[in-house]
file structure.txt (compact mmCIF, C-alpha atoms and all ligand atoms)
# COMPACT_ATOMS: atom_id res chain seq x y z
CA MET A 1 276.91 136.71 20.74
CA GLU A 2 278.64 134.07 22.86
CA MET A 3 280.13 136.84 25.04
CA VAL A 4 276.63 138.19 25.79
CA LEU A 5 275.54 134.68 26.70
CA PHE A 6 278.50 134.31 29.07
CA VAL A 7 277.60 137.59 30.79
CA LEU A 8 273.93 136.63 31.20
CA ILE A 9 274.60 133.08 32.40
CA GLY A 10 277.41 134.48 34.53
CA LEU A 11 274.95 136.80 36.28
CA ILE A 12 272.58 133.93 37.05
CA ILE A 13 275.31 131.57 38.26
CA GLY A 14 276.91 134.48 40.13
CA SER A 15 273.64 134.98 41.95
CA PHE A 16 273.63 131.33 43.04
CA LEU A 17 277.32 131.45 44.04
CA THR A 18 276.82 134.58 46.14
CA ALA A 19 273.77 133.19 47.92
CA ALA A 20 275.59 129.89 48.57
CA GLY A 21 278.69 131.74 49.77
CA LEU A 22 276.54 133.53 52.32
CA ARG A 23 274.68 130.38 53.42
CA ILE A 24 277.36 127.67 53.66
CA PRO A 25 279.43 129.30 56.47
CA ASP A 26 276.19 129.76 58.39
CA GLY A 27 275.49 126.02 58.20
CA GLN A 28 272.41 126.55 56.03
CA SER A 29 271.38 124.39 53.11
CA ILE A 30 272.04 125.99 49.74
CA VAL A 31 268.64 124.95 48.37
CA TYR A 32 266.29 125.20 51.33
CA PRO A 33 264.64 127.43 52.46
CA PRO A 34 264.00 129.35 49.22
CA SER A 35 265.42 132.89 49.07
CA ARG A 36 263.84 135.20 51.61
CA CYS A 37 264.54 138.55 53.22
CA PRO A 38 266.69 137.92 56.31
CA ALA A 39 264.93 140.79 58.12
CA CYS A 40 261.21 140.13 57.52
CA SER A 41 261.38 136.54 56.13
CA ARG A 42 259.31 137.61 53.14
CA ARG A 43 259.67 135.01 50.40
CA LEU A 44 261.37 136.56 47.38
CA ARG A 45 259.41 136.51 44.13
CA PRO A 46 261.01 135.76 40.75
CA TRP A 47 261.09 139.51 39.92
CA ASN A 48 263.02 140.12 43.16
CA LEU A 49 265.65 137.64 42.02
CA VAL A 50 266.80 139.16 38.73
CA PRO A 51 270.58 139.58 39.23
CA VAL A 52 271.76 143.17 39.76
CA LEU A 53 268.59 144.63 38.18
CA SER A 54 266.28 143.80 41.10
CA TYR A 55 268.77 145.35 43.49
CA LEU A 56 268.93 148.56 41.44
CA LEU A 57 265.14 148.80 40.90
CA GLN A 58 264.49 148.27 44.62
CA ARG A 59 267.24 150.81 45.40
CA GLY A 60 269.06 148.20 47.49
CA ARG A 61 266.14 147.64 49.86
CA CYS A 62 263.67 144.81 50.57
CA SER A 63 260.34 145.71 48.91
CA GLY A 64 258.52 144.24 51.93
CA CYS A 65 260.15 145.84 54.96
CA GLY A 66 262.57 148.36 53.45
CA GLU A 67 265.58 146.77 55.13
CA ARG A 68 268.86 147.24 53.26
CA ILE A 69 269.93 144.34 51.05
CA SER A 70 273.62 143.50 51.32
CA ILE A 71 275.72 145.04 48.54
CA LEU A 72 277.48 141.64 48.45
CA TYR A 73 274.62 140.24 46.32
CA PRO A 74 274.88 142.53 43.27
CA SER A 75 278.69 142.70 43.69
CA GLY A 76 279.09 138.91 43.62
CA GLU A 77 276.70 138.59 40.66
CA LEU A 78 278.49 141.27 38.65
CA ALA A 79 281.95 140.01 39.58
CA PHE A 80 281.25 136.46 38.38
CA ALA A 81 279.57 137.69 35.17
CA ILE A 82 282.67 139.75 34.33
CA LEU A 83 285.03 136.89 35.23
CA ALA A 84 283.01 134.38 33.18
CA ALA A 85 283.07 136.66 30.13
CA ALA A 86 286.79 137.38 30.59
CA SER A 87 287.51 133.64 30.91
CA PHE A 88 285.73 132.91 27.65
CA TYR A 89 287.35 135.88 25.90
CA ILE A 90 290.85 134.77 26.91
CA PHE A 91 290.64 130.97 26.75
CA GLY A 92 287.83 130.27 24.26
CA TRP A 93 286.36 126.75 24.24
CA SER A 94 289.09 124.81 26.04
CA TRP A 95 289.80 122.84 29.21
CA GLU A 96 291.47 125.95 30.64
CA LEU A 97 288.09 127.68 30.31
CA ALA A 98 286.62 125.05 32.65
CA ALA A 99 289.48 125.64 35.10
CA ALA A 100 289.07 129.44 34.83
CA LEU A 101 285.32 129.26 35.52
CA LEU A 102 285.78 126.95 38.53
CA PHE A 103 288.61 129.11 39.90
CA SER A 104 286.55 132.31 39.46
CA ALA A 105 283.47 130.72 41.02
CA MET A 106 285.44 129.58 44.06
CA LEU A 107 287.06 133.00 44.53
CA VAL A 108 283.71 134.84 44.33
CA MET A 109 282.20 132.46 46.91
CA ILE A 110 285.06 132.65 49.37
CA SER A 111 285.24 136.44 49.00
CA VAL A 112 281.61 137.02 49.99
CA SER A 113 281.91 134.41 52.74
CA ASP A 114 285.08 135.98 54.12
CA LEU A 115 283.66 139.53 53.93
CA ARG A 116 280.49 138.53 55.79
CA PHE A 117 281.72 135.89 58.25
CA MET A 118 285.54 136.29 58.31
CA LEU A 119 285.59 132.64 57.29
CA ILE A 120 286.72 130.58 54.28
CA PRO A 121 284.79 127.29 54.60
CA ASP A 122 286.64 124.01 53.96
CA ARG A 123 283.58 122.72 52.10
CA ILE A 124 283.99 125.39 49.42
CA LEU A 125 287.75 124.83 49.14
CA LEU A 126 287.27 121.06 48.76
CA ALA A 127 284.37 121.34 46.33
CA PHE A 128 286.50 123.38 43.92
CA GLY A 129 290.02 122.27 44.87
CA ILE A 130 289.49 118.62 43.91
CA PRO A 131 288.19 119.24 40.36
CA LEU A 132 290.85 121.93 39.84
CA ALA A 133 293.60 119.53 40.94
CA LEU A 134 292.24 116.88 38.55
CA LEU A 135 292.19 119.39 35.68
CA ARG A 136 295.79 120.44 36.40
CA LEU A 137 296.87 116.78 36.53
CA THR A 138 295.08 115.80 33.31
CA ALA A 139 293.34 117.99 30.74
CA ALA A 140 294.63 121.46 31.69
CA PRO A 141 298.23 121.04 32.91
CA LEU A 142 300.74 123.84 33.43
CA ASP A 143 304.04 123.85 31.54
CA PRO A 144 306.11 122.11 32.96
CA TRP A 145 303.44 119.81 34.40
CA TRP A 146 304.98 119.72 37.92
CA ASP A 147 304.72 123.52 38.26
CA ALA A 148 301.18 123.15 39.66
CA ALA A 149 302.45 120.89 42.46
CA ALA A 150 305.39 123.23 43.16
CA GLY A 151 303.08 126.28 43.27
CA SER A 152 300.59 124.49 45.49
CA ALA A 153 303.17 123.24 47.99
CA GLY A 154 305.04 126.57 47.92
CA GLY A 155 301.86 128.61 48.41
CA PHE A 156 300.77 126.45 51.32
CA ALA A 157 304.21 126.59 52.99
CA LEU A 158 304.64 130.37 52.55
CA LEU A 159 301.18 131.21 53.87
CA PHE A 160 301.57 128.72 56.70
CA ALA A 161 304.75 130.53 57.78
CA ALA A 162 303.07 133.93 57.34
CA ALA A 163 300.03 132.80 59.37
CA ALA A 164 302.28 131.55 62.17
CA ALA A 165 304.18 134.86 62.17
CA SER A 166 301.03 137.03 62.02
CA ARG A 167 299.45 135.29 65.02
CA GLY A 168 295.82 135.50 63.93
CA GLY A 169 296.00 138.01 61.06
CA LEU A 170 295.92 135.21 58.51
CA GLY A 171 293.66 132.22 59.14
CA GLY A 172 293.84 128.53 58.24
CA GLY A 173 291.38 129.19 55.40
CA ASP A 174 293.84 131.60 53.78
CA VAL A 175 296.61 128.98 53.99
CA LYS A 176 294.50 126.24 52.37
CA LEU A 177 293.20 128.67 49.76
CA TYR A 178 296.78 129.46 48.75
CA ALA A 179 297.45 125.79 48.02
CA ILE A 180 294.74 126.08 45.35
CA VAL A 181 296.00 129.45 44.09
CA GLY A 182 299.49 127.93 43.67
CA LEU A 183 297.97 124.94 41.87
CA MET A 184 296.35 127.28 39.37
CA LEU A 185 299.20 129.77 38.91
CA GLY A 186 302.34 127.67 39.28
CA PHE A 187 305.27 128.66 41.47
CA SER A 188 306.30 132.03 40.01
CA GLY A 189 302.67 133.09 39.40
CA MET A 190 301.89 132.20 43.01
CA LEU A 191 304.74 134.48 44.20
CA MET A 192 303.53 137.34 41.96
CA SER A 193 299.94 136.97 43.17
CA LEU A 194 301.16 137.04 46.77
CA ALA A 195 302.89 140.36 46.08
CA ALA A 196 299.79 141.72 44.30
CA SER A 197 297.45 140.60 47.12
CA SER A 198 299.71 142.12 49.76
CA ILE A 199 299.87 145.47 47.95
CA LEU A 200 296.08 145.49 47.49
CA GLY A 201 295.50 144.51 51.12
CA LEU A 202 297.93 147.06 52.48
CA SER A 203 296.45 149.85 50.31
CA ALA A 204 292.93 148.99 51.46
CA GLY A 205 294.11 148.83 55.07
CA LEU A 206 295.79 152.21 54.76
CA ALA A 207 292.69 153.72 53.10
CA GLY A 208 290.60 152.25 55.92
CA VAL A 209 292.79 153.85 58.55
CA LEU A 210 292.75 157.24 56.81
CA ILE A 211 289.12 157.40 55.67
CA ARG A 212 287.18 155.21 58.07
CA LYS A 213 289.42 155.66 61.10
CA TRP A 214 290.03 151.91 61.43
CA GLY A 215 292.02 151.11 64.52
CA ARG A 216 294.78 148.59 65.07
CA GLU A 217 292.11 146.13 66.20
CA THR A 218 290.00 146.24 63.02
CA GLU A 219 289.94 142.76 61.52
CA ILE A 220 290.38 142.72 57.76
CA PRO A 221 289.37 139.58 55.83
CA PHE A 222 292.29 138.73 53.56
CA GLY A 223 290.34 136.36 51.27
CA PRO A 224 289.03 139.04 48.87
CA PHE A 225 292.58 140.41 48.43
CA ILE A 226 293.96 136.94 47.77
CA ALA A 227 291.17 136.50 45.21
CA ALA A 228 291.87 139.83 43.48
CA GLY A 229 295.65 139.29 43.38
CA ALA A 230 295.28 135.72 42.10
CA LEU A 231 292.82 136.66 39.37
CA LEU A 232 294.95 139.61 38.30
CA VAL A 233 298.01 137.40 37.82
CA TYR A 234 295.99 134.53 36.32
CA PHE A 235 294.33 136.64 33.61
CA ALA A 236 297.26 138.97 32.96
CA GLY A 237 299.63 136.02 32.59
CA ALA A 238 297.36 134.11 30.22
ZN ZN B 301 262.32 142.42 54.27
call {"tool": "encode", "arguments": {"input": "structure.txt", "output": "C-alpha cells"}}
result
Amino acid sequence: MEMVLFVLIGLIIGSFLTAAGLRIPDGQSIVYPPSRCPACSRRLRPWNLVPVLSYLLQRGRCSGCGERISILYPSGELAFAILAAASFYIFGWSWELAAALLFSAMLVMISVSDLRFMLIPDRILLAFGIPLALLRLTAAPLDPWWDAAAGSAGGFALLFAAAAASRGGLGGGDVKLYAIVGLMLGFSGMLMSLAASSILGLSAGLAGVLIRKWGRETEIPFGPFIAAGALLVYFAGA
C-alpha cells in the first residue's frame, strides 16, 4: 500500500521536478507562467497534466497544435516515481530515505536539464547539496563519518583533473555535481560510480557513433551518465 503511494506521489513530484529542471536553466520561474505548450502557448488543462498518462493518451503530442511533447517529461516523471519507490523499499522510514529522495530528485532534475541545455545549474546543485551535506553531517552519516567528506573532496578533485584534461568534454557542473555524489557515496563508492558512469557513457557514445552516425564533434551531456552510475552504486551498495 505504501509502495503504491510512493509511486503515485513520485509521479506527481517527478512531474514538478522535470518541469523545473527544464525551466531553471532557461532563467524562467518555476511557478509562473503556468504550464503551457511551448509551441502554441496553449494553457495546459488539469487533464493534460496527469503524469505519463496524458503523454500516452495524447500520443506524445500537444492536443492544441499537434507539436511533439518532449519525451523528457514522461521519462523524468517515471524515473522519479521508480526511484522514490526503490528508496522507500530499500531504506524504509529513516533519515537515509530523506537523503535518497533528495539525491534522486536532484539527479532527475540535472539529467533533464543537461539533456536539454547541456547545463547543470548551480542553483539546483546548491538547493540539494546543502540539505544533503547537513544530513550526512548529522542524521544520516556514513560509516566512518568522515567518509562523506573524503568522497566529496576526492570526487571534486578527480573530476576537476578530468575536466582539465578533457578540455571541454566535462564541464564545471559535472565537477561540482561529483562533490555531491562523493558526499552521498563515500570515497570507494564514488570511485565505483565513476567507473560505472564512464562505462555507461562510453557505451552510449559508441552506440551513437554506430547507430546515429555521431561524429567526433557531437557533444554528449555527461550528467545523465553520472546520475545513472551514482544511483546504481548507491542502491546496489545499500
Ligand atoms: Zn501546442
call {"tool": "residues_near_ligand", "arguments": {"input": "structure.txt", "ligand": "ligand ZN 301 (chain B)", "cutoff": "8 Å", "atoms": "all atoms listed in the file", "output": "MDAnalysis selection string"}}
result
chainID A and resid 36:42 61:67
call {"tool": "residues_around", "arguments": {"input": "structure.txt", "residues": "Trp47 of chain A", "least_positions_apart": "5", "cutoff": "12 Å", "atoms": "all atoms listed in the file", "output": "ChimeraX atom specification"}}
result
/A:52-55,57-58,63
call {"tool": "atom_distance", "arguments": {"input": "structure.txt", "atom1": "atom CA of Ala20 of chain A", "atom2": "atom CA of Val175 of chain A"}}
result
21.7 Å
call {"tool": "atom_distance", "arguments": {"input": "structure.txt", "atom1": "atom CA of Ala148 of chain A", "atom2": "atom CA of Ile180 of chain A"}}
result
9.1 Å
call {"tool": "closest_residue", "arguments": {"input": "structure.txt", "among": "A:Gly151, A:Gly76, A:Gly21, A:Gly14", "to": "Ala133 of chain A", "atoms": "all atoms listed in the file"}}
result
A:Gly151
call {"tool": "closest_residue", "arguments": {"input": "structure.txt", "among": "A:Val112, A:Ala150, A:Ile69, A:Met192", "to": "Ala179 of chain A", "atoms": "only C-alpha atoms"}}
result
A:Ala150
call {"tool": "closest_residue", "arguments": {"input": "structure.txt", "among": "A:Leu185, A:Ala165, A:Ser152, A:Ala157", "to": "Ala140 of chain A", "atoms": "only C-alpha atoms"}}
result
A:Leu185
call {"tool": "build_atoms", "arguments": {"input": "structure.txt", "residues": "segment 59-84 of chain A", "atoms": "N, CA, C and O atoms", "output": "CSV table (one decimal), in the frame of the given file"}}
result
chain,number,residue,atom,x,y,z
A,59,ARG,N,266.3,149.9,44.8
A,59,ARG,CA,267.2,150.8,45.4
A,59,ARG,C,267.9,150.2,46.6
A,59,ARG,O,268.1,150.8,47.7
A,60,GLY,N,268.3,148.9,46.5
A,60,GLY,CA,269.1,148.2,47.5
A,60,GLY,C,268.3,147.9,48.8
A,60,GLY,O,268.9,147.7,49.8
A,61,ARG,N,266.9,147.9,48.7
A,61,ARG,CA,266.1,147.6,49.9
A,61,ARG,C,265.1,146.6,49.6
A,61,ARG,O,264.6,146.4,48.5
A,62,CYS,N,264.7,145.8,50.7
A,62,CYS,CA,263.7,144.8,50.6
A,62,CYS,C,262.4,145.5,50.3
A,62,CYS,O,262.0,146.5,50.9
A,63,SER,N,261.6,145.0,49.3
A,63,SER,CA,260.3,145.7,48.9
A,63,SER,C,259.3,145.5,50.0
A,63,SER,O,258.2,146.1,49.9
A,64,GLY,N,259.5,144.5,50.9
A,64,GLY,CA,258.5,144.2,51.9
A,64,GLY,C,258.7,145.2,53.1
A,64,GLY,O,257.8,145.9,53.5
A,65,CYS,N,259.9,145.1,53.7
A,65,CYS,CA,260.2,145.8,55.0
A,65,CYS,C,261.1,147.0,54.8
A,65,CYS,O,261.3,147.8,55.8
A,66,GLY,N,261.7,147.2,53.6
A,66,GLY,CA,262.6,148.4,53.4
A,66,GLY,C,264.0,148.2,54.0
A,66,GLY,O,264.8,149.1,54.0
A,67,GLU,N,264.2,147.0,54.6
A,67,GLU,CA,265.6,146.8,55.1
A,67,GLU,C,266.6,146.7,54.0
A,67,GLU,O,266.3,146.3,52.9
A,68,ARG,N,267.8,147.2,54.3
A,68,ARG,CA,268.9,147.2,53.3
A,68,ARG,C,269.2,145.8,52.8
A,68,ARG,O,269.4,145.0,53.7
A,69,ILE,N,269.4,145.6,51.6
A,69,ILE,CA,269.9,144.3,51.0
A,69,ILE,C,271.4,144.5,50.9
A,69,ILE,O,271.9,145.5,50.5
A,70,SER,N,272.2,143.4,51.3
A,70,SER,CA,273.6,143.5,51.3
A,70,SER,C,274.1,143.8,49.9
A,70,SER,O,273.7,143.2,48.9
A,71,ILE,N,275.1,144.7,49.8
A,71,ILE,CA,275.7,145.0,48.5
A,71,ILE,C,276.5,143.8,48.0
A,71,ILE,O,276.9,143.8,46.8
A,72,LEU,N,276.7,142.8,48.9
A,72,LEU,CA,277.5,141.6,48.4
A,72,LEU,C,276.7,140.9,47.3
A,72,LEU,O,277.3,140.3,46.5
A,73,TYR,N,275.4,141.0,47.4
A,73,TYR,CA,274.6,140.2,46.3
A,73,TYR,C,274.9,140.8,44.9
A,73,TYR,O,275.4,140.0,44.1
A,74,PRO,N,274.6,142.1,44.6
A,74,PRO,CA,274.9,142.5,43.3
A,74,PRO,C,276.4,142.5,42.9
A,74,PRO,O,276.8,142.3,41.8
A,75,SER,N,277.2,142.7,43.9
A,75,SER,CA,278.7,142.7,43.7
A,75,SER,C,279.1,141.3,43.3
A,75,SER,O,279.9,141.2,42.3
A,76,GLY,N,278.7,140.3,44.0
A,76,GLY,CA,279.1,138.9,43.6
A,76,GLY,C,278.6,138.5,42.2
A,76,GLY,O,279.3,137.9,41.5
A,77,GLU,N,277.3,138.9,42.0
A,77,GLU,CA,276.7,138.6,40.7
A,77,GLU,C,277.5,139.2,39.5
A,77,GLU,O,277.9,138.6,38.5
A,78,LEU,N,277.8,140.5,39.7
A,78,LEU,CA,278.5,141.3,38.6
A,78,LEU,C,279.9,140.7,38.5
A,78,LEU,O,280.4,140.6,37.4
A,79,ALA,N,280.6,140.5,39.6
A,79,ALA,CA,282.0,140.0,39.6
A,79,ALA,C,282.0,138.7,38.8
A,79,ALA,O,282.9,138.5,37.9
A,80,PHE,N,281.1,137.7,39.1
A,80,PHE,CA,281.2,136.5,38.4
A,80,PHE,C,280.9,136.6,36.9
A,80,PHE,O,281.5,136.0,36.0
A,81,ALA,N,279.9,137.5,36.6
A,81,ALA,CA,279.6,137.7,35.2
A,81,ALA,C,280.8,138.2,34.4
A,81,ALA,O,281.1,137.8,33.3
A,82,ILE,N,281.5,139.2,35.0
A,82,ILE,CA,282.7,139.8,34.3
A,82,ILE,C,283.8,138.7,34.2
A,82,ILE,O,284.4,138.6,33.1
A,83,LEU,N,284.0,137.9,35.3
A,83,LEU,CA,285.0,136.9,35.2
A,83,LEU,C,284.7,135.8,34.2
A,83,LEU,O,285.6,135.3,33.5
A,84,ALA,N,283.4,135.4,34.1
A,84,ALA,CA,283.0,134.4,33.2
A,84,ALA,C,283.3,134.9,31.8
A,84,ALA,O,283.8,134.1,30.9
